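Engineer: Next up is a structure, given as structure tokens.
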Amino acid sequence: MKSIITKIVSVVILCILIFIGIKYLNFNLFDKIFSHKTIVSTELLSEEIRDIAELCSMKYYYKDLVVHGKPKPHTGDYYMATIEGELTAGINLDNLDIKRKDDIVTIKLEHAYFIDDSDYKCKVHEEDKSGLGTKIDYKKKKKWEIDRINKIKKRISNTFLVKADENIQDIIKNLFINYDLSEIKFEYY
């Protein structure tokens with residue numbers, strides 16, 4: 001009976017010495033075994049962001065009036081139309097760069113920009129029955145409509161594109177919430 005107790009005590013002492021040796025060498029075996037820390041590569045993070053590119057776009061609906069010239073008795077070109085459509089803002093993910101140092105991820109991307117503005121409707125308003133509005137060249141009408149859309153873009157770009165950048169950051173932060181990252185930083189080209 002004494003030999004069995006001696007063997008058990010010696011095994012316990014040996015295990016304690018091995019444990020202390022492992023801890024002393026800063027091997028942290030138990031931390032590695034029992035830790036649930038997820039180590040994610042920058043390639044995986046980059047792929048995750050590219051998968052949500054469609055979600056990162058924002059739309060702005062507009063309705064505005066295009067007026068060029070003066071109505072009668074003016075004899076020059078006169079054109080009046082209502083345009084409505086949507087502007088879409090998003091990001092180009094081709095130049096996405098992700099760097100990781102420990103638990104801090106730095107994402108470098110381009111600012112949001114207007115992706116598409118070609119989808120708009122135009123309704124021409126006639127001034128009188130003589131068809132004054134329809135005598136104007138189609139190319140001139142198109143130019144005036146595009147000029148008006150560019151004015152709308154310029155007017156809203158300071159607020160809308162900044163909001164689109166903030167939206168993109170929020171989406172990316174929410175995407176990486178489960179990856180044990182202490183900080184996500186954003187930089188722009």
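All residue names refer to the structure tokens as shown: chains lettered A, B, ... in order, residues numbered from 1 in each chain, ligands numbered from 1 in order.
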Hey, what's within 9 Å of Ile98 (chain A) if we count only C-alpha atoms and toss same-chain stuff fewer than 3 positions away? As a ChimeraX atom specification, please?
Structural biologist: /A:42-43,45-46,105-109
Engineer: Next, dump the selected residues to file, keeping only N, CA, C and O atoms, as a PDB file, in the first residue's frame.
Structural biologist:
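Contents of again_14.pdb, as written:
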```
ATOM      1  N   THR A  42      -5.470  38.207 -43.130  1.00  0.00           N
ATOM      2  CA  THR A  42      -5.914  39.395 -43.860  1.00  0.00           C
ATOM      3  C   THR A  42      -6.599  39.003 -45.167  1.00  0.00           C
ATOM      4  O   THR A  42      -7.473  39.717 -45.642  1.00  0.00           O
ATOM      5  N   GLU A  43      -6.234  37.862 -45.734  1.00  0.00           N
ATOM      6  CA  GLU A  43      -6.895  37.403 -46.959  1.00  0.00           C
ATOM      7  C   GLU A  43      -8.368  37.085 -46.694  1.00  0.00           C
ATOM      8  O   GLU A  43      -9.238  37.423 -47.490  1.00  0.00           O
ATOM      9  N   LEU A  45     -10.209  38.371 -44.247  1.00  0.00           N
ATOM     10  CA  LEU A  45     -10.886  39.641 -43.991  1.00  0.00           C
ATOM     11  C   LEU A  45     -11.185  40.372 -45.302  1.00  0.00           C
ATOM     12  O   LEU A  45     -12.265  40.907 -45.493  1.00  0.00           O
ATOM     13  N   SER A  46     -10.228  40.356 -46.200  1.00  0.00           N
ATOM     14  CA  SER A  46     -10.408  41.007 -47.498  1.00  0.00           C
ATOM     15  C   SER A  46     -11.523  40.346 -48.294  1.00  0.00           C
ATOM     16  O   SER A  46     -12.351  41.018 -48.920  1.00  0.00           O
ATOM     17  N   VAL A 105      -6.531  45.892 -36.879  1.00  0.00           N
ATOM     18  CA  VAL A 105      -6.634  45.778 -38.334  1.00  0.00           C
ATOM     19  C   VAL A 105      -6.765  47.180 -38.921  1.00  0.00           C
ATOM     20  O   VAL A 105      -7.571  47.978 -38.449  1.00  0.00           O
ATOM     21  N   THR A 106      -5.949  47.461 -39.930  1.00  0.00           N
ATOM     22  CA  THR A 106      -6.034  48.735 -40.644  1.00  0.00           C
ATOM     23  C   THR A 106      -6.514  48.441 -42.056  1.00  0.00           C
ATOM     24  O   THR A 106      -5.900  47.664 -42.785  1.00  0.00           O
ATOM     25  N   ILE A 107      -7.628  49.064 -42.426  1.00  0.00           N
ATOM     26  CA  ILE A 107      -8.229  48.856 -43.740  1.00  0.00           C
ATOM     27  C   ILE A 107      -8.053  50.136 -44.536  1.00  0.00           C
ATOM     28  O   ILE A 107      -8.487  51.207 -44.110  1.00  0.00           O
ATOM     29  N   LYS A 108      -7.392  50.019 -45.682  1.00  0.00           N
ATOM     30  CA  LYS A 108      -7.162  51.176 -46.544  1.00  0.00           C
ATOM     31  C   LYS A 108      -8.012  50.998 -47.796  1.00  0.00           C
ATOM     32  O   LYS A 108      -7.905  49.989 -48.489  1.00  0.00           O
ATOM     33  N   LEU A 109      -8.884  51.987 -48.065  1.00  0.00           N
ATOM     34  CA  LEU A 109      -9.774  51.900 -49.207  1.00  0.00           C
ATOM     35  C   LEU A 109     -10.019  53.293 -49.772  1.00  0.00           C
ATOM     36  O   LEU A 109      -9.588  54.291 -49.207  1.00  0.00           O
TER      37      LEU A 109
END
```
Engineer: Got a sec: who's within 7 Å of Asp103 (chain A), counting only C-alpha atoms, leaving out chain neighbours fewer than 5 positions off, as a VMD selection string?
Structural biologist: chain A and resid 181 to 183
Engineer: State, in Å with one decimal place, the distance from CA of Ala81 (chain A) to CA of Tyr61 (chain A).
Structural biologist: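 About the pair CA of Ala81 (chain A) and CA of Tyr61 (chain A): they are 17.0 Å apart.
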Engineer: Using only C-alpha atoms, which residue out of A:Phe186, A:Phe160, A:Tyr79, A:Phe176 lies closest to Lys142 (chain A)?
Structural biologist: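 So, comparing all the options, the nearest one is A:Tyr79.
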Engineer: Name the closest residue to Glu48 (chain A) among the candidates A:Ile172, A:Tyr188, A:Val66, A:Cys122; distances are taken between atoms, counting only C-alpha atoms.
Structural biologist: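 Once distances to Glu48 (chain A) are computed over only C-alpha atoms, the minimum belongs to A:Ile172.
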Engineer: When you draw a straight line from CA of Leu65 (chain A) to CA of Arg148 (chain A), how long is it in Å?
Structural biologist: 8.3 Å
Engineer: Identify which of the residues A:Lys123, A:Lys59, A:His68, A:Lys185 lies closest to Glu86 (chain A), counting only C-alpha atoms when measuring atom-to-atom distances.
Structural biologist: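 Nearest to Glu86 (chain A): A:Lys59.
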Engineer: Of the residues A:Ile52, A:Ile149, A:Val67, A:Met58, which is the one nearest to Gly85 (chain A), using only C-alpha atoms?
Structural biologist: A:Ile149
